[in-house]
file input.txt (compact mmCIF, C-alpha atoms)
# COMPACT_ATOMS: atom_id res chain seq x y z
CA ALA J 1 98.30 128.26 62.60
CA PHE J 2 97.94 124.76 64.07
CA VAL J 3 99.01 125.90 67.55
CA LYS J 4 96.62 128.85 67.43
CA LYS J 5 93.76 126.57 66.39
CA GLU J 6 94.53 124.12 69.20
CA PHE J 7 94.78 126.98 71.71
CA PHE J 8 91.30 128.21 70.81
CA GLU J 9 89.91 124.66 71.01
CA VAL J 10 91.30 124.28 74.54
CA LYS J 11 89.96 127.72 75.46
CA ALA J 12 86.51 126.80 74.12
CA TYR J 13 86.57 123.57 76.14
CA VAL J 14 87.44 125.45 79.35
CA GLN J 15 84.67 127.99 78.69
CA GLU J 16 82.15 125.22 78.07
CA SER J 17 83.26 123.36 81.18
CA SER J 18 83.03 126.28 83.60
CA CYS J 19 80.01 124.49 85.07
CA THR J 20 82.25 121.48 85.58
CA LEU J 21 84.84 123.67 87.30
CA LYS J 22 82.13 125.11 89.52
CA ILE J 23 80.96 121.63 90.50
CA LEU J 24 84.55 120.53 91.12
CA CYS J 25 85.16 123.54 93.37
CA PHE J 26 81.90 122.96 95.23
CA TRP J 27 82.76 119.35 96.03
CA ASN J 28 86.33 120.28 96.93
CA ALA J 29 84.92 122.82 99.37
CA VAL J 30 82.60 120.18 100.85
CA ALA J 31 85.57 117.81 101.21
CA LEU J 32 87.66 120.58 102.78
CA PHE J 33 84.85 121.44 105.20
CA VAL J 34 84.30 117.80 106.22
CA SER J 35 88.02 117.02 106.52
CA SER J 36 88.56 120.13 108.66
CA VAL J 37 85.72 119.20 111.00
CA LEU J 38 86.88 115.58 111.24
CA GLY J 39 90.45 116.69 111.85
CA MET J 40 89.39 119.09 114.58
CA ILE J 41 87.47 116.39 116.46
CA ASN J 42 90.43 114.01 116.00
CA ILE J 43 88.87 111.37 113.77
CA CYS J 44 91.31 108.93 112.13
CA ASP J 45 94.12 109.94 114.49
CA ALA J 46 94.60 113.42 113.09
CA ALA J 47 96.18 114.78 116.28
CA PHE J 48 96.55 118.29 114.88
CA GLN J 49 99.12 120.67 116.28
CA PRO J 50 97.70 123.94 117.73
CA PHE J 51 98.62 125.84 114.56
CA GLN J 52 96.86 123.21 112.45
CA TYR J 53 93.67 123.75 114.44
CA LEU J 54 93.86 127.42 113.47
CA ILE J 55 94.35 126.45 109.81
CA ALA J 56 91.35 124.09 110.13
CA VAL J 57 89.20 126.98 111.38
CA TYR J 58 90.34 129.10 108.43
CA ASN J 59 89.58 126.18 106.11
CA LEU J 60 86.05 125.98 107.54
CA PHE J 61 85.55 129.67 106.78
CA PHE J 62 86.97 129.42 103.25
CA ALA J 63 85.11 126.16 102.51
CA GLY J 64 81.85 127.78 103.63
CA THR J 65 82.58 130.76 101.38
CA ILE J 66 83.26 128.51 98.37
CA ILE J 67 80.14 126.43 99.09
CA VAL J 68 78.03 129.60 99.11
CA MET J 69 79.71 130.93 95.92
CA ASP J 70 79.38 127.71 93.93
CA GLY J 71 76.20 126.32 95.45
CA SER J 72 72.86 126.48 93.72
CA GLY J 73 71.55 130.02 93.73
CA GLN J 74 67.97 128.79 94.11
CA CYS J 75 68.72 126.76 97.24
CA LEU J 76 70.86 129.47 98.80
CA SER J 77 68.32 132.23 98.11
CA LYS J 78 65.92 130.40 100.42
CA CYS J 79 68.61 130.46 103.12
CA CYS J 80 68.57 134.23 103.83
CA ASP J 81 70.04 135.07 100.40
CA ALA J 82 73.54 133.86 101.33
CA GLN J 83 75.01 134.46 97.86
CA GLY J 84 73.64 137.98 97.62
CA ARG J 85 74.94 138.84 101.07
CA LEU J 86 78.35 137.34 100.28
CA TYR J 87 78.67 139.23 96.99
CA SER J 88 77.54 142.49 98.55
CA ALA J 89 80.11 142.08 101.35
CA MET J 90 82.92 140.93 99.01
CA PRO J 91 82.10 142.02 95.45
CA VAL J 92 85.46 140.79 94.13
CA LEU J 93 84.22 137.20 94.59
CA ALA J 94 81.47 137.80 92.02
CA SER J 95 84.14 138.00 89.31
CA GLN J 96 85.87 135.02 87.79
CA GLY J 97 89.29 136.48 88.58
CA GLY J 98 88.38 137.00 92.23
CA ARG J 99 87.18 133.43 92.55
CA ALA J 100 90.29 132.11 90.83
CA VAL J 101 92.55 133.97 93.26
CA LEU J 102 90.54 132.64 96.24
CA TYR J 103 90.72 129.04 94.95
CA PHE J 104 94.44 129.35 94.34
CA TYR J 105 95.04 130.90 97.77
CA VAL J 106 93.04 128.26 99.67
CA GLY J 107 94.65 125.46 97.66
CA SER J 108 98.16 126.78 98.25
CA VAL J 109 97.55 127.19 101.99
CA ASN J 110 96.47 123.56 102.13
CA LEU J 111 99.54 122.46 100.20
CA VAL J 112 101.93 124.38 102.47
CA MET J 113 100.38 123.76 105.90
CA LEU J 114 100.20 119.96 105.87
CA PRO J 115 99.39 117.88 108.96
CA THR J 116 101.86 115.23 110.14
CA SER J 117 99.53 112.23 109.68
CA TRP J 118 100.06 110.50 106.31
CA LEU J 119 96.32 110.04 105.61
CA TRP J 120 95.48 113.69 106.31
CA LYS J 121 98.51 114.83 104.38
CA MET J 122 97.23 112.99 101.27
CA VAL J 123 93.70 114.38 101.75
CA TYR J 124 94.97 117.96 101.95
CA ILE J 125 97.37 117.48 99.03
CA VAL J 126 94.53 116.26 96.78
CA ILE J 127 92.21 119.10 97.84
CA GLY J 128 94.99 121.70 97.55
CA CYS J 129 96.14 120.55 94.11
CA SER J 130 92.58 120.45 92.84
CA LEU J 131 91.79 123.96 94.07
CA CYS J 132 95.08 125.37 92.74
CA GLY J 133 94.51 123.70 89.38
CA THR J 134 90.97 125.01 89.15
CA GLY J 135 92.09 128.51 90.10
CA ALA J 136 94.84 128.39 87.48
CA MET J 137 92.38 127.21 84.79
CA MET J 138 89.91 129.95 85.68
CA MET J 139 92.66 132.59 85.62
CA ALA J 140 93.88 131.31 82.26
CA GLN J 141 90.33 131.47 80.92
CA ARG J 142 89.96 135.02 82.22
CA CYS J 143 93.29 136.14 80.75
CA CYS J 144 92.80 134.42 77.39
CA GLY J 145 89.04 134.81 77.05
CA GLY J 146 87.67 137.09 74.39
CA ARG J 147 90.79 137.21 72.25
CA GLY J 148 90.29 136.31 68.63
CA GLU J 149 86.83 134.81 69.08
CA ASP J 150 85.22 137.12 66.55
CA LYS J 151 87.84 136.54 63.88
CA VAL J 152 87.18 133.85 61.31
CA GLU J 153 90.26 132.22 59.92
CA PRO J 154 90.38 132.18 56.09
CA ALA J 155 90.86 128.40 56.07
CA ASP J 156 87.78 127.93 58.30
CA ALA J 157 85.60 130.24 56.16
CA ALA J 158 85.75 127.95 53.16
call {"tool": "encode", "arguments": {"input": "input.txt", "output": "structure tokens"}}
result
Amino acid sequence: AFVKKEFFEVKAYVQESSCTLKILCFWNAVALFVSSVLGMINICDAAFQPFQYLIAVYNLFFAGTIIVMDGSGQCLSKCCDAQGRLYSAMPVLASQGGRAVLYFYVGSVNLVMLPTSWLWKMVYIVIGCSLCGTGAMMMAQRCCGGRGEDKVEPADAA
């Protein structure tokens, strides 16, 4: 009973903090976008290999997608309805599960395709771990959400 109670408390915290996860993903995407641009123009001695330039271009695309998904709907609606256009082109990203898979994919790509420079390696490890962790939390919330919420435990009813 104790483990079940703790599980539902953790689940409730994750559901309440989905705004926090959204903000975390947004700023991770901004960091990924900036680090990819800086790496491509060879700031801080990045000296990417040709394959890493390709990964940086993919990161720019994925970071832009995440920024549009998690950005403020009011600001993005002024900019040619970017969110609406994104969700109509890729409806799977409108769901929590679709977003979680995207975050996990982008994070894992950044963890696997690391540059040789120590500084950039640390930057991409932090961004990758954060995106993978956020994707895993969102997937756990999706898989565990809605189970047992309507039941009231006899001990809690008193």
call {"tool": "closest_residue", "arguments": {"input": "input.txt", "among": "J:Ala82, J:Ile41, J:Ala89, J:Leu60", "to": "Asn110 of chain J", "atoms": "all atoms listed in the file"}}
result
J:Leu60
call {"tool": "closest_residue", "arguments": {"input": "input.txt", "among": "J:Ser36, J:Gln49, J:Gln83, J:Gln96", "to": "Met139 of chain J", "atoms": "only C-alpha atoms"}}
result
J:Gln96
call {"tool": "closest_residue", "arguments": {"input": "input.txt", "among": "J:Met137, J:Phe33, J:Val123, J:Pro115", "to": "Thr65 of chain J", "atoms": "all atoms listed in the file"}}
result
J:Phe33
call {"tool": "atom_distance", "arguments": {"input": "input.txt", "atom1": "atom CA of Lys22 of chain J", "atom2": "atom CA of Gly97 of chain J"}}
result
13.5 Å
call {"tool": "residues_around", "arguments": {"input": "input.txt", "residues": "Tyr103 of chain J", "least_positions_apart": "3", "cutoff": "6 Å", "atoms": "all atoms listed in the file", "output": "list in words"}}
result
Ala100, Val106, Gly107, Leu131 and Gly135 of chain J
call {"tool": "build_atoms", "arguments": {"input": "input.txt", "residues": "segment 109-137 of chain J", "atoms": "N, CA and C atoms", "output": "PDB file, in the coordinates of the input"}}
result
ATOM      1  N   VAL J 109      97.448 127.300 100.527  1.00  0.00           N
ATOM      2  CA  VAL J 109      97.550 127.190 101.990  1.00  0.00           C
ATOM      3  C   VAL J 109      97.478 125.731 102.412  1.00  0.00           C
ATOM      4  N   ASN J 110      96.595 124.973 101.780  1.00  0.00           N
ATOM      5  CA  ASN J 110      96.470 123.560 102.130  1.00  0.00           C
ATOM      6  C   ASN J 110      97.649 122.733 101.661  1.00  0.00           C
ATOM      7  N   LEU J 111      98.344 123.180 100.647  1.00  0.00           N
ATOM      8  CA  LEU J 111      99.540 122.460 100.200  1.00  0.00           C
ATOM      9  C   LEU J 111     100.754 122.789 101.075  1.00  0.00           C
ATOM     10  N   VAL J 112     100.773 123.959 101.668  1.00  0.00           N
ATOM     11  CA  VAL J 112     101.930 124.380 102.470  1.00  0.00           C
ATOM     12  C   VAL J 112     101.788 123.944 103.931  1.00  0.00           C
ATOM     13  N   MET J 113     100.605 124.049 104.481  1.00  0.00           N
ATOM     14  CA  MET J 113     100.380 123.760 105.900  1.00  0.00           C
ATOM     15  C   MET J 113      99.833 122.340 106.077  1.00  0.00           C
ATOM     16  N   LEU J 114     100.647 121.344 105.816  1.00  0.00           N
ATOM     17  CA  LEU J 114     100.200 119.960 105.870  1.00  0.00           C
ATOM     18  C   LEU J 114     100.298 119.382 107.284  1.00  0.00           C
ATOM     19  N   PRO J 115      99.298 118.565 107.670  1.00  0.00           N
ATOM     20  CA  PRO J 115      99.390 117.880 108.960  1.00  0.00           C
ATOM     21  C   PRO J 115     100.470 116.784 108.916  1.00  0.00           C
ATOM     22  N   THR J 116     100.794 116.238 110.076  1.00  0.00           N
ATOM     23  CA  THR J 116     101.860 115.230 110.140  1.00  0.00           C
ATOM     24  C   THR J 116     101.360 113.838 109.772  1.00  0.00           C
ATOM     25  N   SER J 117     100.088 113.550 109.985  1.00  0.00           N
ATOM     26  CA  SER J 117      99.530 112.230 109.680  1.00  0.00           C
ATOM     27  C   SER J 117      99.537 112.000 108.169  1.00  0.00           C
ATOM     28  N   TRP J 118      99.941 110.809 107.734  1.00  0.00           N
ATOM     29  CA  TRP J 118     100.060 110.500 106.310  1.00  0.00           C
ATOM     30  C   TRP J 118      98.704 110.584 105.611  1.00  0.00           C
ATOM     31  N   LEU J 119      97.656 110.035 106.222  1.00  0.00           N
ATOM     32  CA  LEU J 119      96.320 110.040 105.610  1.00  0.00           C
ATOM     33  C   LEU J 119      95.839 111.474 105.394  1.00  0.00           C
ATOM     34  N   TRP J 120      95.942 112.315 106.424  1.00  0.00           N
ATOM     35  CA  TRP J 120      95.480 113.690 106.310  1.00  0.00           C
ATOM     36  C   TRP J 120      96.354 114.495 105.362  1.00  0.00           C
ATOM     37  N   LYS J 121      97.621 114.156 105.321  1.00  0.00           N
ATOM     38  CA  LYS J 121      98.510 114.830 104.380  1.00  0.00           C
ATOM     39  C   LYS J 121      98.056 114.579 102.944  1.00  0.00           C
ATOM     40  N   MET J 122      97.708 113.328 102.628  1.00  0.00           N
ATOM     41  CA  MET J 122      97.230 112.990 101.270  1.00  0.00           C
ATOM     42  C   MET J 122      95.902 113.683 100.965  1.00  0.00           C
ATOM     43  N   VAL J 123      95.002 113.725 101.957  1.00  0.00           N
ATOM     44  CA  VAL J 123      93.700 114.380 101.750  1.00  0.00           C
ATOM     45  C   VAL J 123      93.907 115.856 101.405  1.00  0.00           C
ATOM     46  N   TYR J 124      94.755 116.537 102.184  1.00  0.00           N
ATOM     47  CA  TYR J 124      94.970 117.960 101.950  1.00  0.00           C
ATOM     48  C   TYR J 124      95.773 118.228 100.679  1.00  0.00           C
ATOM     49  N   ILE J 125      96.646 117.313 100.299  1.00  0.00           N
ATOM     50  CA  ILE J 125      97.370 117.480  99.030  1.00  0.00           C
ATOM     51  C   ILE J 125      96.411 117.387  97.851  1.00  0.00           C
ATOM     52  N   VAL J 126      95.501 116.414  97.887  1.00  0.00           N
ATOM     53  CA  VAL J 126      94.530 116.260  96.780  1.00  0.00           C
ATOM     54  C   VAL J 126      93.618 117.488  96.703  1.00  0.00           C
ATOM     55  N   ILE J 127      93.099 117.922  97.839  1.00  0.00           N
ATOM     56  CA  ILE J 127      92.210 119.100  97.840  1.00  0.00           C
ATOM     57  C   ILE J 127      92.976 120.338  97.390  1.00  0.00           C
ATOM     58  N   GLY J 128      94.187 120.527  97.905  1.00  0.00           N
ATOM     59  CA  GLY J 128      94.990 121.700  97.550  1.00  0.00           C
ATOM     60  C   GLY J 128      95.346 121.742  96.077  1.00  0.00           C
ATOM     61  N   CYS J 129      95.792 120.599  95.535  1.00  0.00           N
ATOM     62  CA  CYS J 129      96.140 120.550  94.110  1.00  0.00           C
ATOM     63  C   CYS J 129      94.921 120.807  93.231  1.00  0.00           C
ATOM     64  N   SER J 130      93.795 120.248  93.620  1.00  0.00           N
ATOM     65  CA  SER J 130      92.580 120.450  92.840  1.00  0.00           C
ATOM     66  C   SER J 130      92.139 121.911  92.848  1.00  0.00           C
ATOM     67  N   LEU J 131      92.179 122.549  94.009  1.00  0.00           N
ATOM     68  CA  LEU J 131      91.790 123.960  94.070  1.00  0.00           C
ATOM     69  C   LEU J 131      92.784 124.851  93.337  1.00  0.00           C
ATOM     70  N   CYS J 132      94.081 124.576  93.477  1.00  0.00           N
ATOM     71  CA  CYS J 132      95.080 125.370  92.740  1.00  0.00           C
ATOM     72  C   CYS J 132      94.925 125.197  91.237  1.00  0.00           C
ATOM     73  N   GLY J 133      94.699 123.960  90.802  1.00  0.00           N
ATOM     74  CA  GLY J 133      94.510 123.700  89.380  1.00  0.00           C
ATOM     75  C   GLY J 133      93.277 124.389  88.828  1.00  0.00           C
ATOM     76  N   THR J 134      92.193 124.347  89.583  1.00  0.00           N
ATOM     77  CA  THR J 134      90.970 125.010  89.150  1.00  0.00           C
ATOM     78  C   THR J 134      91.155 126.518  89.100  1.00  0.00           C
ATOM     79  N   GLY J 135      91.818 127.075  90.110  1.00  0.00           N
ATOM     80  CA  GLY J 135      92.090 128.510  90.100  1.00  0.00           C
ATOM     81  C   GLY J 135      92.953 128.915  88.923  1.00  0.00           C
ATOM     82  N   ALA J 136      93.966 128.089  88.620  1.00  0.00           N
ATOM     83  CA  ALA J 136      94.840 128.390  87.480  1.00  0.00           C
ATOM     84  C   ALA J 136      94.061 128.312  86.165  1.00  0.00           C
ATOM     85  N   MET J 137      93.177 127.317  86.024  1.00  0.00           N
ATOM     86  CA  MET J 137      92.380 127.210  84.790  1.00  0.00           C
ATOM     87  C   MET J 137      91.429 128.393  84.651  1.00  0.00           C
TER      88      MET J 137
END
